[in-house]
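Heads up: the structure comes next, in structure tokens.
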Amino acid sequence: MNRLLFCYVLIFAVCVDGLVSSGQDATVAPVKPGLNDSFLDPELDIENWIQRFEVESREIYQAREEILQHMHLRGGERIADIGSGTGLFVPLLANSVGDNGWVYAVDIAPRFVEHIAKRINEGALSRVTPVICTRDSVSLPPESIDAAFICDVYHHFEFPEKTLASLHQALRPEGNVFIVDFERIPGKSRDWVLDHVRAGKQTVIDEMQSAGFELVAEREIATLVENYFLEFRRTQTSSQ
């Protein structure tokens with residue numbers, strides 16, 4: 001079996017596991033219907049999204065190294081990049097956890113996951129497993145990761161309560177969750193943010209705490225103007 005095919009087997013296996021275990025209740029409506037529909041397009045233009053995500057004009061791109069420094073990842077840790085997209089942070093995370101660590105590049109968009117798998121096959125990435133998640137689950141096995149990184153993705157959770165329950169299950173006890181997302185402040189934030197981003201920072205904190213995570217700190221990064229950076233820790237109990 002060649003390496004690319006092996007990656008697709010891993011993608012399919014984890015995807016099926018997520019579909020079986022997510023248990024999505026058809027009576028529960030998504031918080032913002034259709035939010036992720038465009039990412040499910042089989043003709044999704046990867047190059048267009050690379051140009052949008054991996055450019056100096058994006059403050060997340062400018063702050064990427066400092067964000068990693070504030071996460072204080074240790075060698076040997078397993079971390080999930082939830083909503084990894086084009087893979088901006090994937091090699092940085094892999095370098096941070098070292099030869100004995102591992103990165104799960106998790107995304108709902110098959111084309112993004114395919115892009116990550118291709119980079120692995122070409123030798124551009126190592127110690128990485130690409131994973132297709134579902135609308136209401138991160139699709140990872142119980143207690144399989146030490147940390148999770150969610151960058152400009154939390155506002156894309158269609159079923160936040162169920163997604164956070166699956167994340168709580170996937171984390172090992174006292175595992176960390178790092179969230180970077182847009183400040184949503186009426187009268188201050190851009191119209192695009194107010195229209196696109198569902199929840200402000202305090203709502204995110206409240207939802208995380210209700211799901212069994214405690215707020216550890218808000219990290220200050222000077223180059224983050226539109227975004228905030230929160231660190232949480234998994235507690236022993238979850239709302240699910």
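Ligands are numbered from 1 in the order shown, residues from 1 within each chain, and chains are lettered A, B, ... in the order they appear in the structure tokens.
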| request: With a distance cut-off of 7 Å and only C-alpha atoms, select the neighbouring residues of stretch 218-222 of chain A, excluding the residue or stretch itself and same-chain residues fewer than 5 positions from it, and output the selection as a count of residues only. | output: 3
Show me, as an mmCIF file with C-alpha atoms, in the first residue's frame, the residues that have an atom within 12 Å of stretch 106-110 of chain A when counting only C-alpha atoms, minus same-chain residues fewer than 6 positions from it.
```cif
data_model
loop_
_atom_site.group_PDB
_atom_site.id
_atom_site.type_symbol
_atom_site.label_atom_id
_atom_site.label_comp_id
_atom_site.auth_asym_id
_atom_site.auth_seq_id
_atom_site.Cartn_x
_atom_site.Cartn_y
_atom_site.Cartn_z
ATOM 1 C CA TYR A 8 -6.793 7.853 2.848
ATOM 2 C CA LEU A 10 -6.715 6.491 7.968
ATOM 3 C CA ILE A 11 -9.004 9.322 6.890
ATOM 4 C CA PHE A 12 -11.820 6.912 6.056
ATOM 5 C CA VAL A 14 -11.548 7.869 11.505
ATOM 6 C CA CYS A 15 -14.392 9.417 9.505
ATOM 7 C CA GLY A 18 -16.903 9.719 13.884
ATOM 8 C CA LEU A 19 -20.090 9.104 11.941
ATOM 9 C CA LEU A 35 -22.308 27.722 7.810
ATOM 10 C CA ASN A 36 -19.901 25.082 6.487
ATOM 11 C CA ASP A 37 -21.654 24.060 3.272
ATOM 12 C CA SER A 38 -19.125 25.793 1.017
ATOM 13 C CA PHE A 39 -16.266 23.803 2.588
ATOM 14 C CA LEU A 40 -17.937 20.528 1.624
ATOM 15 C CA ASP A 41 -17.758 21.405 -2.078
ATOM 16 C CA PRO A 42 -15.774 18.639 -3.862
ATOM 17 C CA GLU A 43 -14.400 21.349 -6.176
ATOM 18 C CA LEU A 44 -13.146 23.554 -3.343
ATOM 19 C CA ASP A 45 -10.270 25.687 -4.663
ATOM 20 C CA ILE A 46 -7.331 24.922 -2.374
ATOM 21 C CA TRP A 49 -7.778 29.345 0.403
ATOM 22 C CA ILE A 79 -2.209 17.487 19.620
ATOM 23 C CA ALA A 80 -5.236 17.927 17.378
ATOM 24 C CA ASP A 81 -5.431 20.936 15.081
ATOM 25 C CA ILE A 82 -9.228 21.235 14.937
ATOM 26 C CA GLY A 83 -10.123 22.934 11.679
ATOM 27 C CA SER A 84 -6.615 22.670 10.281
ATOM 28 C CA GLY A 85 -7.671 24.072 6.899
ATOM 29 C CA THR A 86 -4.762 24.403 4.486
ATOM 30 C CA GLY A 87 -2.361 23.310 7.222
ATOM 31 C CA PHE A 89 -0.105 25.454 11.784
ATOM 32 C CA VAL A 90 0.380 21.728 11.125
ATOM 33 C CA ILE A 116 -2.796 17.558 3.992
ATOM 34 C CA ALA A 117 -2.609 13.903 2.909
ATOM 35 C CA VAL A 128 0.738 13.873 11.074
ATOM 36 C CA THR A 129 -2.552 12.020 10.600
ATOM 37 C CA PRO A 130 -5.268 13.721 8.510
ATOM 38 C CA VAL A 131 -8.802 13.304 9.868
ATOM 39 C CA ILE A 132 -12.204 14.176 8.452
ATOM 40 C CA CYS A 133 -14.515 15.213 11.259
ATOM 41 C CA THR A 134 -18.307 15.546 11.261
ATOM 42 C CA ARG A 135 -20.602 18.483 11.873
ATOM 43 C CA ASP A 136 -20.983 17.567 15.548
ATOM 44 C CA SER A 137 -17.845 15.635 16.478
ATOM 45 C CA VAL A 138 -14.075 15.986 16.277
ATOM 46 C CA SER A 139 -14.026 12.274 15.365
ATOM 47 C CA LEU A 140 -11.101 11.274 17.577
ATOM 48 C CA ALA A 148 -6.282 20.704 21.007
ATOM 49 C CA PHE A 149 -5.732 23.862 18.973
ATOM 50 C CA ILE A 150 -8.759 25.686 17.540
ATOM 51 C CA CYS A 151 -7.751 28.735 15.501
ATOM 52 C CA VAL A 153 -12.625 27.806 13.845
ATOM 53 C CA HIS A 156 -17.672 27.372 12.681
ATOM 54 C CA PHE A 157 -18.962 24.794 15.173
ATOM 55 C CA GLU A 158 -22.500 24.081 13.967
ATOM 56 C CA LEU A 167 -13.537 17.084 22.323
#
```
| task | Check stretch 134-188 of chain A with DSSP on the backbone and list each residue it calls strand (DSSP E), as an MDAnalysis selection string. | result | chainID A and resid 145:151 171:182
Kindly save the residues from that selection, with N, CA, C and O atoms included, as a short mmCIF file (atom, residue, chain, number, x, y, z; two decimals), in the first residue's frame.
```
data_model
loop_
_atom_site.label_atom_id
_atom_site.label_comp_id
_atom_site.auth_asym_id
_atom_site.auth_seq_id
_atom_site.Cartn_x
_atom_site.Cartn_y
_atom_site.Cartn_z
N ILE A 145 -5.62 12.45 22.79
CA ILE A 145 -4.79 13.64 22.60
C ILE A 145 -4.51 14.33 23.94
O ILE A 145 -5.28 14.22 24.89
N ASP A 146 -3.38 15.03 23.97
CA ASP A 146 -2.99 15.81 25.15
C ASP A 146 -3.46 17.25 25.06
O ASP A 146 -3.57 17.93 26.08
N ALA A 147 -3.69 17.72 23.83
CA ALA A 147 -4.06 19.12 23.64
C ALA A 147 -4.83 19.27 22.33
O ALA A 147 -4.73 18.43 21.43
N ALA A 148 -5.57 20.37 22.24
CA ALA A 148 -6.28 20.70 21.01
C ALA A 148 -6.07 22.18 20.71
O ALA A 148 -6.03 23.02 21.63
N PHE A 149 -5.94 22.50 19.44
CA PHE A 149 -5.73 23.86 18.97
C PHE A 149 -6.87 24.20 18.03
O PHE A 149 -7.11 23.48 17.06
N ILE A 150 -7.58 25.30 18.33
CA ILE A 150 -8.76 25.69 17.54
C ILE A 150 -8.58 27.14 17.14
O ILE A 150 -8.85 28.06 17.93
N CYS A 151 -8.12 27.39 15.94
CA CYS A 151 -7.75 28.73 15.50
C CYS A 151 -8.72 29.26 14.44
O CYS A 151 -8.79 28.72 13.33
N LEU A 171 -9.85 14.28 24.76
CA LEU A 171 -8.71 14.75 25.55
C LEU A 171 -8.42 13.85 26.74
O LEU A 171 -9.33 13.31 27.37
N ARG A 172 -7.16 13.73 27.05
CA ARG A 172 -6.77 13.05 28.28
C ARG A 172 -7.05 13.95 29.47
O ARG A 172 -7.18 15.16 29.31
N PRO A 173 -7.18 13.39 30.68
CA PRO A 173 -7.45 14.21 31.86
C PRO A 173 -6.48 15.39 31.98
O PRO A 173 -5.27 15.23 31.81
N GLU A 174 -7.03 16.57 32.22
CA GLU A 174 -6.27 17.82 32.36
C GLU A 174 -5.56 18.23 31.06
O GLU A 174 -4.62 19.03 31.09
N GLY A 175 -6.04 17.70 29.93
CA GLY A 175 -5.51 18.14 28.65
C GLY A 175 -5.91 19.59 28.36
O GLY A 175 -6.90 20.10 28.89
N ASN A 176 -5.12 20.27 27.55
CA ASN A 176 -5.33 21.69 27.27
C ASN A 176 -6.03 21.93 25.93
O ASN A 176 -5.84 21.17 24.98
N VAL A 177 -6.82 23.00 25.90
CA VAL A 177 -7.44 23.46 24.67
C VAL A 177 -7.06 24.92 24.47
O VAL A 177 -7.24 25.75 25.37
N PHE A 178 -6.52 25.23 23.31
CA PHE A 178 -6.12 26.58 22.98
C PHE A 178 -7.06 27.11 21.90
O PHE A 178 -7.18 26.50 20.83
N ILE A 179 -7.72 28.22 22.17
CA ILE A 179 -8.68 28.79 21.23
C ILE A 179 -8.25 30.20 20.83
O ILE A 179 -8.04 31.07 21.68
N VAL A 180 -8.11 30.40 19.54
CA VAL A 180 -7.91 31.72 18.97
C VAL A 180 -9.13 32.01 18.10
O VAL A 180 -9.48 31.20 17.24
N ASP A 181 -9.78 33.13 18.36
CA ASP A 181 -10.96 33.45 17.55
C ASP A 181 -11.20 34.96 17.56
O ASP A 181 -10.52 35.70 18.29
N PHE A 182 -12.16 35.37 16.75
CA PHE A 182 -12.41 36.80 16.57
C PHE A 182 -13.15 37.42 17.76
O PHE A 182 -14.12 36.86 18.27
#
```
| query | So how far away is atom CA of A:Gln62 from atom CA of A:Arg233, in Å? | reply |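 Atom-to-atom, atom CA of A:Arg233 and atom CA of A:Gln62 are spaced 26.1 Å apart.
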| request: Pick out the closest residue to A:Gly212 from this set: A:Ala170, A:Val31, A:Ala199, A:Leu164. Count only C-alpha atoms. | output: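 Selected residue with least distance to A:Gly212: A:Leu164.
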